[in-house]
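Participant: Sharing my_file_37.pdb here; it has PDB, N, CA and C atoms.
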```pdb
ATOM      1  N   MET V   1      58.907  83.371  87.461  1.00  0.00           N
ATOM      2  CA  MET V   1      60.106  83.711  86.727  1.00  0.00           C
ATOM      3  C   MET V   1      60.691  85.007  87.299  1.00  0.00           C
ATOM      4  N   SER V   2      61.953  84.958  87.668  1.00  0.00           N
ATOM      5  CA  SER V   2      62.574  86.153  88.223  1.00  0.00           C
ATOM      6  C   SER V   2      63.590  86.710  87.241  1.00  0.00           C
ATOM      7  N   ILE V   3      63.652  88.011  87.175  1.00  0.00           N
ATOM      8  CA  ILE V   3      64.608  88.680  86.300  1.00  0.00           C
ATOM      9  C   ILE V   3      65.773  89.134  87.167  1.00  0.00           C
ATOM     10  N   MET V   4      66.971  88.698  86.791  1.00  0.00           N
ATOM     11  CA  MET V   4      68.154  89.033  87.567  1.00  0.00           C
ATOM     12  C   MET V   4      68.548  90.477  87.288  1.00  0.00           C
ATOM     13  N   SER V   5      68.703  91.246  88.360  1.00  0.00           N
ATOM     14  CA  SER V   5      69.146  92.619  88.167  1.00  0.00           C
ATOM     15  C   SER V   5      70.637  92.684  88.448  1.00  0.00           C
ATOM     16  N   ILE V   6      71.320  93.460  87.655  1.00  0.00           N
ATOM     17  CA  ILE V   6      72.762  93.613  87.815  1.00  0.00           C
ATOM     18  C   ILE V   6      73.034  95.041  88.252  1.00  0.00           C
ATOM     19  N   GLU V   7      73.694  95.159  89.397  1.00  0.00           N
ATOM     20  CA  GLU V   7      74.018  96.473  89.936  1.00  0.00           C
ATOM     21  C   GLU V   7      75.392  96.890  89.430  1.00  0.00           C
ATOM     22  N   SER V   8      75.542  98.152  89.104  1.00  0.00           N
ATOM     23  CA  SER V   8      76.837  98.674  88.664  1.00  0.00           C
ATOM     24  C   SER V   8      77.640  99.139  89.871  1.00  0.00           C
ATOM     25  N   VAL V   9      78.937  98.818  89.866  1.00  0.00           N
ATOM     26  CA  VAL V   9      79.859  99.300  90.888  1.00  0.00           C
ATOM     27  C   VAL V   9      80.960 100.051  90.150  1.00  0.00           C
ATOM     28  N   PHE V  10      81.159 101.298  90.539  1.00  0.00           N
ATOM     29  CA  PHE V  10      82.072 102.171  89.805  1.00  0.00           C
ATOM     30  C   PHE V  10      83.472 102.145  90.401  1.00  0.00           C
ATOM     31  N   ILE V  11      84.458 102.094  89.506  1.00  0.00           N
ATOM     32  CA  ILE V  11      85.866 102.141  89.916  1.00  0.00           C
ATOM     33  C   ILE V  11      86.484 103.401  89.323  1.00  0.00           C
ATOM     34  N   ARG V  12      87.585 103.863  89.919  1.00  0.00           N
ATOM     35  CA  ARG V  12      88.227 105.095  89.475  1.00  0.00           C
ATOM     36  C   ARG V  12      89.209 104.861  88.333  1.00  0.00           C
ATOM     37  N   ASP V  13      89.860 103.710  88.340  1.00  0.00           N
ATOM     38  CA  ASP V  13      90.885 103.437  87.342  1.00  0.00           C
ATOM     39  C   ASP V  13      90.338 102.532  86.241  1.00  0.00           C
ATOM     40  N   GLU V  14      91.194 102.207  85.278  1.00  0.00           N
ATOM     41  CA  GLU V  14      90.776 101.353  84.164  1.00  0.00           C
ATOM     42  C   GLU V  14      90.608  99.899  84.608  1.00  0.00           C
ATOM     43  N   MET V  15      91.261  99.533  85.713  1.00  0.00           N
ATOM     44  CA  MET V  15      91.307  98.142  86.137  1.00  0.00           C
ATOM     45  C   MET V  15      91.259  98.061  87.660  1.00  0.00           C
ATOM     46  N   ILE V  16      90.723  96.940  88.159  1.00  0.00           N
ATOM     47  CA  ILE V  16      90.752  96.661  89.593  1.00  0.00           C
ATOM     48  C   ILE V  16      90.914  95.154  89.753  1.00  0.00           C
ATOM     49  N   ARG V  17      91.583  94.748  90.811  1.00  0.00           N
ATOM     50  CA  ARG V  17      91.768  93.312  91.048  1.00  0.00           C
ATOM     51  C   ARG V  17      90.522  92.739  91.727  1.00  0.00           C
ATOM     52  N   LEU V  18      90.283  91.475  91.468  1.00  0.00           N
ATOM     53  CA  LEU V  18      89.062  90.818  91.938  1.00  0.00           C
ATOM     54  C   LEU V  18      88.873  90.954  93.442  1.00  0.00           C
ATOM     55  N   GLY V  19      89.907  90.675  94.234  1.00  0.00           N
ATOM     56  CA  GLY V  19      89.782  90.763  95.689  1.00  0.00           C
ATOM     57  C   GLY V  19      89.373  92.149  96.145  1.00  0.00           C
ATOM     58  N   GLN V  20      89.975  93.173  95.534  1.00  0.00           N
ATOM     59  CA  GLN V  20      89.642  94.557  95.872  1.00  0.00           C
ATOM     60  C   GLN V  20      88.211  94.876  95.463  1.00  0.00           C
ATOM     61  N   PHE V  21      87.806  94.380  94.299  1.00  0.00           N
ATOM     62  CA  PHE V  21      86.462  94.670  93.799  1.00  0.00           C
ATOM     63  C   PHE V  21      85.394  94.054  94.690  1.00  0.00           C
ATOM     64  N   LEU V  22      85.639  92.850  95.192  1.00  0.00           N
ATOM     65  CA  LEU V  22      84.657  92.207  96.079  1.00  0.00           C
ATOM     66  C   LEU V  22      84.421  93.058  97.317  1.00  0.00           C
ATOM     67  N   LYS V  23      85.492  93.657  97.843  1.00  0.00           N
ATOM     68  CA  LYS V  23      85.352  94.541  99.009  1.00  0.00           C
ATOM     69  C   LYS V  23      84.631  95.823  98.626  1.00  0.00           C
ATOM     70  N   LEU V  24      85.010  96.427  97.502  1.00  0.00           N
ATOM     71  CA  LEU V  24      84.392  97.677  97.047  1.00  0.00           C
ATOM     72  C   LEU V  24      82.883  97.500  96.837  1.00  0.00           C
ATOM     73  N   ALA V  25      82.497  96.354  96.302  1.00  0.00           N
ATOM     74  CA  ALA V  25      81.084  96.079  96.007  1.00  0.00           C
ATOM     75  C   ALA V  25      80.321  95.597  97.246  1.00  0.00           C
ATOM     76  N   ASN V  26      81.007  95.556  98.394  1.00  0.00           N
ATOM     77  CA  ASN V  26      80.402  95.091  99.652  1.00  0.00           C
ATOM     78  C   ASN V  26      79.874  93.661  99.563  1.00  0.00           C
ATOM     79  N   LEU V  27      80.554  92.824  98.763  1.00  0.00           N
ATOM     80  CA  LEU V  27      80.172  91.414  98.668  1.00  0.00           C
ATOM     81  C   LEU V  27      80.892  90.585  99.725  1.00  0.00           C
ATOM     82  N   VAL V  28      82.000  91.119 100.254  1.00  0.00           N
ATOM     83  CA  VAL V  28      82.741  90.472 101.339  1.00  0.00           C
ATOM     84  C   VAL V  28      83.090  91.524 102.382  1.00  0.00           C
ATOM     85  N   GLU V  29      83.436  91.046 103.591  1.00  0.00           N
ATOM     86  CA  GLU V  29      83.737  91.962 104.691  1.00  0.00           C
ATOM     87  C   GLU V  29      85.152  92.519 104.619  1.00  0.00           C
ATOM     88  N   ASN V  30      86.108  91.678 104.179  1.00  0.00           N
ATOM     89  CA  ASN V  30      87.513  92.093 104.184  1.00  0.00           C
ATOM     90  C   ASN V  30      88.314  91.219 103.225  1.00  0.00           C
ATOM     91  N   GLY V  31      89.618  91.470 103.166  1.00  0.00           N
ATOM     92  CA  GLY V  31      90.482  90.735 102.254  1.00  0.00           C
ATOM     93  C   GLY V  31      90.567  89.252 102.548  1.00  0.00           C
ATOM     94  N   VAL V  32      90.542  88.897 103.835  1.00  0.00           N
ATOM     95  CA  VAL V  32      90.583  87.480 104.213  1.00  0.00           C
ATOM     96  C   VAL V  32      89.339  86.776 103.703  1.00  0.00           C
ATOM     97  N   HIS V  33      88.182  87.389 103.895  1.00  0.00           N
ATOM     98  CA  HIS V  33      86.918  86.821 103.419  1.00  0.00           C
ATOM     99  C   HIS V  33      86.941  86.695 101.899  1.00  0.00           C
ATOM    100  N   ALA V  34      87.470  87.718 101.209  1.00  0.00           N
ATOM    101  CA  ALA V  34      87.571  87.686  99.746  1.00  0.00           C
ATOM    102  C   ALA V  34      88.413  86.491  99.310  1.00  0.00           C
ATOM    103  N   ARG V  35      89.568  86.299  99.941  1.00  0.00           N
ATOM    104  CA  ARG V  35      90.448  85.186  99.588  1.00  0.00           C
ATOM    105  C   ARG V  35      89.736  83.848  99.782  1.00  0.00           C
ATOM    106  N   GLU V  36      89.005  83.714 100.885  1.00  0.00           N
ATOM    107  CA  GLU V  36      88.310  82.455 101.168  1.00  0.00           C
ATOM    108  C   GLU V  36      87.254  82.118 100.125  1.00  0.00           C
ATOM    109  N   VAL V  37      86.393  83.090  99.781  1.00  0.00           N
ATOM    110  CA  VAL V  37      85.322  82.789  98.822  1.00  0.00           C
ATOM    111  C   VAL V  37      85.888  82.526  97.432  1.00  0.00           C
ATOM    112  N   ILE V  38      86.991  83.205  97.088  1.00  0.00           N
ATOM    113  CA  ILE V  38      87.624  82.973  95.786  1.00  0.00           C
ATOM    114  C   ILE V  38      88.251  81.578  95.762  1.00  0.00           C
ATOM    115  N   GLN V  39      89.007  81.221  96.803  1.00  0.00           N
ATOM    116  CA  GLN V  39      89.649  79.908  96.861  1.00  0.00           C
ATOM    117  C   GLN V  39      88.636  78.781  96.896  1.00  0.00           C
ATOM    118  N   ASP V  40      87.467  79.034  97.483  1.00  0.00           N
ATOM    119  CA  ASP V  40      86.429  78.006  97.568  1.00  0.00           C
ATOM    120  C   ASP V  40      85.634  77.866  96.272  1.00  0.00           C
ATOM    121  N   GLY V  41      85.975  78.664  95.260  1.00  0.00           N
ATOM    122  CA  GLY V  41      85.301  78.558  93.966  1.00  0.00           C
ATOM    123  C   GLY V  41      83.893  79.120  93.960  1.00  0.00           C
ATOM    124  N   LEU V  42      83.624  80.082  94.848  1.00  0.00           N
ATOM    125  CA  LEU V  42      82.277  80.647  94.969  1.00  0.00           C
ATOM    126  C   LEU V  42      82.066  81.896  94.120  1.00  0.00           C
ATOM    127  N   VAL V  43      83.146  82.398  93.505  1.00  0.00           N
ATOM    128  CA  VAL V  43      83.064  83.641  92.741  1.00  0.00           C
ATOM    129  C   VAL V  43      83.116  83.338  91.249  1.00  0.00           C
ATOM    130  N   LYS V  44      82.196  83.947  90.509  1.00  0.00           N
ATOM    131  CA  LYS V  44      82.208  83.823  89.049  1.00  0.00           C
ATOM    132  C   LYS V  44      82.524  85.180  88.439  1.00  0.00           C
ATOM    133  N   VAL V  45      83.381  85.175  87.433  1.00  0.00           N
ATOM    134  CA  VAL V  45      83.686  86.375  86.658  1.00  0.00           C
ATOM    135  C   VAL V  45      83.226  86.101  85.235  1.00  0.00           C
ATOM    136  N   ASN V  46      82.332  86.935  84.745  1.00  0.00           N
ATOM    137  CA  ASN V  46      81.771  86.769  83.404  1.00  0.00           C
ATOM    138  C   ASN V  46      81.201  85.361  83.206  1.00  0.00           C
ATOM    139  N   GLY V  47      80.591  84.821  84.282  1.00  0.00           N
ATOM    140  CA  GLY V  47      79.916  83.532  84.194  1.00  0.00           C
ATOM    141  C   GLY V  47      80.780  82.319  84.471  1.00  0.00           C
ATOM    142  N   ASP V  48      82.094  82.505  84.601  1.00  0.00           N
ATOM    143  CA  ASP V  48      83.001  81.387  84.853  1.00  0.00           C
ATOM    144  C   ASP V  48      83.598  81.492  86.249  1.00  0.00           C
ATOM    145  N   ILE V  49      83.728  80.344  86.930  1.00  0.00           N
ATOM    146  CA  ILE V  49      84.342  80.333  88.259  1.00  0.00           C
ATOM    147  C   ILE V  49      85.774  80.851  88.141  1.00  0.00           C
ATOM    148  N   CYS V  50      86.127  81.754  89.034  1.00  0.00           N
ATOM    149  CA  CYS V  50      87.466  82.349  89.029  1.00  0.00           C
ATOM    150  C   CYS V  50      88.109  82.131  90.389  1.00  0.00           C
ATOM    151  N   GLU V  51      89.291  81.517  90.400  1.00  0.00           N
ATOM    152  CA  GLU V  51      90.000  81.278  91.654  1.00  0.00           C
ATOM    153  C   GLU V  51      91.272  82.113  91.747  1.00  0.00           C
ATOM    154  N   GLN V  52      91.352  83.190  90.967  1.00  0.00           N
ATOM    155  CA  GLN V  52      92.511  84.077  90.987  1.00  0.00           C
ATOM    156  C   GLN V  52      92.133  85.395  91.641  1.00  0.00           C
ATOM    157  N   ARG V  53      92.622  85.604  92.866  1.00  0.00           N
ATOM    158  CA  ARG V  53      92.280  86.828  93.590  1.00  0.00           C
ATOM    159  C   ARG V  53      92.821  88.056  92.873  1.00  0.00           C
ATOM    160  N   GLY V  54      93.954  87.904  92.171  1.00  0.00           N
ATOM    161  CA  GLY V  54      94.575  89.021  91.477  1.00  0.00           C
ATOM    162  C   GLY V  54      94.056  89.241  90.068  1.00  0.00           C
ATOM    163  N   ARG V  55      93.028  88.502  89.682  1.00  0.00           N
ATOM    164  CA  ARG V  55      92.451  88.641  88.336  1.00  0.00           C
ATOM    165  C   ARG V  55      92.086  90.096  88.088  1.00  0.00           C
ATOM    166  N   GLN V  56      92.490  90.617  86.943  1.00  0.00           N
ATOM    167  CA  GLN V  56      92.208  92.007  86.616  1.00  0.00           C
ATOM    168  C   GLN V  56      90.811  92.115  86.008  1.00  0.00           C
ATOM    169  N   LEU V  57      90.034  93.039  86.546  1.00  0.00           N
ATOM    170  CA  LEU V  57      88.688  93.293  86.042  1.00  0.00           C
ATOM    171  C   LEU V  57      88.668  94.639  85.338  1.00  0.00           C
ATOM    172  N   HIS V  58      87.887  94.708  84.272  1.00  0.00           N
ATOM    173  CA  HIS V  58      87.760  95.943  83.496  1.00  0.00           C
ATOM    174  C   HIS V  58      86.288  96.273  83.322  1.00  0.00           C
ATOM    175  N   ALA V  59      86.009  97.474  82.840  1.00  0.00           N
ATOM    176  CA  ALA V  59      84.629  97.911  82.613  1.00  0.00           C
ATOM    177  C   ALA V  59      83.885  96.866  81.789  1.00  0.00           C
ATOM    178  N   GLY V  60      82.677  96.531  82.246  1.00  0.00           N
ATOM    179  CA  GLY V  60      81.838  95.577  81.541  1.00  0.00           C
ATOM    180  C   GLY V  60      81.908  94.178  82.108  1.00  0.00           C
ATOM    181  N   ASP V  61      82.967  93.866  82.874  1.00  0.00           N
ATOM    182  CA  ASP V  61      83.062  92.547  83.497  1.00  0.00           C
ATOM    183  C   ASP V  61      81.978  92.405  84.564  1.00  0.00           C
ATOM    184  N   THR V  62      81.467  91.185  84.733  1.00  0.00           N
ATOM    185  CA  THR V  62      80.493  90.924  85.786  1.00  0.00           C
ATOM    186  C   THR V  62      81.095  89.969  86.805  1.00  0.00           C
ATOM    187  N   VAL V  63      80.721  90.181  88.063  1.00  0.00           N
ATOM    188  CA  VAL V  63      81.190  89.344  89.165  1.00  0.00           C
ATOM    189  C   VAL V  63      79.963  88.859  89.915  1.00  0.00           C
ATOM    190  N   GLU V  64      79.931  87.554  90.204  1.00  0.00           N
ATOM    191  CA  GLU V  64      78.786  86.969  90.900  1.00  0.00           C
ATOM    192  C   GLU V  64      79.255  86.237  92.150  1.00  0.00           C
ATOM    193  N   LEU V  65      78.548  86.464  93.243  1.00  0.00           N
ATOM    194  CA  LEU V  65      78.814  85.784  94.504  1.00  0.00           C
ATOM    195  C   LEU V  65      77.499  85.649  95.251  1.00  0.00           C
ATOM    196  N   ASN V  66      77.189  84.441  95.679  1.00  0.00           N
ATOM    197  CA  ASN V  66      75.968  84.172  96.465  1.00  0.00           C
ATOM    198  C   ASN V  66      74.709  84.692  95.778  1.00  0.00           C
ATOM    199  N   GLY V  67      74.627  84.534  94.469  1.00  0.00           N
ATOM    200  CA  GLY V  67      73.436  84.916  93.739  1.00  0.00           C
ATOM    201  C   GLY V  67      73.325  86.401  93.445  1.00  0.00           C
ATOM    202  N   VAL V  68      74.326  87.188  93.855  1.00  0.00           N
ATOM    203  CA  VAL V  68      74.337  88.624  93.583  1.00  0.00           C
ATOM    204  C   VAL V  68      75.330  88.879  92.457  1.00  0.00           C
ATOM    205  N   THR V  69      74.879  89.578  91.426  1.00  0.00           N
ATOM    206  CA  THR V  69      75.754  89.896  90.301  1.00  0.00           C
ATOM    207  C   THR V  69      75.941  91.399  90.206  1.00  0.00           C
ATOM    208  N   VAL V  70      77.201  91.814  90.101  1.00  0.00           N
ATOM    209  CA  VAL V  70      77.518  93.234  89.947  1.00  0.00           C
ATOM    210  C   VAL V  70      78.414  93.401  88.731  1.00  0.00           C
ATOM    211  N   GLN V  71      78.333  94.570  88.126  1.00  0.00           N
ATOM    212  CA  GLN V  71      79.114  94.848  86.925  1.00  0.00           C
ATOM    213  C   GLN V  71      80.093  95.968  87.181  1.00  0.00           C
ATOM    214  N   VAL V  72      81.306  95.790  86.669  1.00  0.00           N
ATOM    215  CA  VAL V  72      82.353  96.807  86.802  1.00  0.00           C
ATOM    216  C   VAL V  72      82.067  97.941  85.834  1.00  0.00           C
ATOM    217  N   GLU V  73      82.085  99.169  86.344  1.00  0.00           N
ATOM    218  CA  GLU V  73      81.932 100.360  85.512  1.00  0.00           C
ATOM    219  C   GLU V  73      83.003 101.358  85.919  1.00  0.00           C
ATOM    220  N   VAL V  74      83.487 102.126  84.957  1.00  0.00           N
ATOM    221  CA  VAL V  74      84.504 103.143  85.248  1.00  0.00           C
ATOM    222  C   VAL V  74      83.799 104.492  85.403  1.00  0.00           C
ATOM    223  N   GLU V  75      84.167 105.223  86.451  1.00  0.00           N
ATOM    224  CA  GLU V  75      83.544 106.540  86.717  1.00  0.00           C
ATOM    225  C   GLU V  75      83.804 107.498  85.586  1.00  0.00           C
TER     226      GLU V  75
END
```
Transcribe the structure of this file into structure tokens.

Facilitator:
Amino acid sequence: MSIMSIESVFIRDEMIRLGQFLKLANLVENGVHAREVIQDGLVKVNGDICEQRGRQLHAGDTVELNGVTVQVEVE
């Protein structure tokens, strides 16, 4: 049995867009890669597949890609 650990990624503002957050969290290499994984339905936000690159994320939201889950936190 494995326990999933969730890493916190801190943002400066109240909100960040999903594509930007994927880059900030080092889950993708660049904006093109972010767009591809989002369009392919590989990204989950709060447990649900999200295909909106411009989706606004706020403190407490979780993002999952390739089995890695990170949580949005405000500095």

Participant: Determine, counting all atoms listed in the file, which protein, DNA and RNA residues have an atom within 7 Å of an atom of Arg55 (chain V); residues of the same chain fewer than 4 positions away are not included. Present the result as a list of chain:residue names.

Facilitator: V:Ile16, V:Arg17, V:Leu18, V:Gly19, V:Glu51

Participant: Just N, CA and C atoms for this one: save the residues we selected as a compact mmCIF listing (two decimals), keeping the file's coordinate frame.

Facilitator:
```
# COMPACT_ATOMS: atom_id res chain seq x y z
N ILE V 16 90.72 96.94 88.16
CA ILE V 16 90.75 96.66 89.59
C ILE V 16 90.91 95.15 89.75
N ARG V 17 91.58 94.75 90.81
CA ARG V 17 91.77 93.31 91.05
C ARG V 17 90.52 92.74 91.73
N LEU V 18 90.28 91.48 91.47
CA LEU V 18 89.06 90.82 91.94
C LEU V 18 88.87 90.95 93.44
N GLY V 19 89.91 90.68 94.23
CA GLY V 19 89.78 90.76 95.69
C GLY V 19 89.37 92.15 96.14
N GLU V 51 89.29 81.52 90.40
CA GLU V 51 90.00 81.28 91.65
C GLU V 51 91.27 82.11 91.75
```

Participant: Find the distance between CA of Gly60 (chain V) and CA of Gly41 (chain V) and write it in Å to one decimal.

Facilitator: 21.4 Å

Participant: In Å, how far is it from CA of Ser5 (chain V) to CA of Lys23 (chain V)?

Facilitator: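 Between CA of Ser5 (chain V) and CA of Lys23 (chain V) the gap is 19.6 Å.
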
Participant: Rounded to one decimal, what separation in Å do you get between CA of Phe21 (chain V) and CA of Asn46 (chain V)?

Facilitator: 13.9 Å

Participant: I want to know what sits within 8 Å of Arg12 (chain V), based on only N, CA and C atoms, with residues of the same chain fewer than 6 positions away left out; could you give that as a ChimeraX atom specification?

Facilitator: /V:73-75

Participant: For N, CA and C atoms, I'd like the residues from the last selection saved as a JSON list (two decimals), in the coordinates of the input.

Facilitator:
```
[["chain", "number", "residue", "atom", "x", "y", "z"],
["V", 73, "GLU", "N", 82.08, 99.17, 86.34],
["V", 73, "GLU", "CA", 81.93, 100.36, 85.51],
["V", 73, "GLU", "C", 83.00, 101.36, 85.92],
["V", 74, "VAL", "N", 83.49, 102.13, 84.96],
["V", 74, "VAL", "CA", 84.50, 103.14, 85.25],
["V", 74, "VAL", "C", 83.80, 104.49, 85.40],
["V", 75, "GLU", "N", 84.17, 105.22, 86.45],
["V", 75, "GLU", "CA", 83.54, 106.54, 86.72],
["V", 75, "GLU", "C", 83.80, 107.50, 85.59]]
```

Participant: Can you pull out every residue from chain V that DSSP, working from the backbone, puts in helix (DSSP H, G or I), and format the result as an MDAnalysis selection string?

Facilitator: chainID V and resid 18:24 31:39
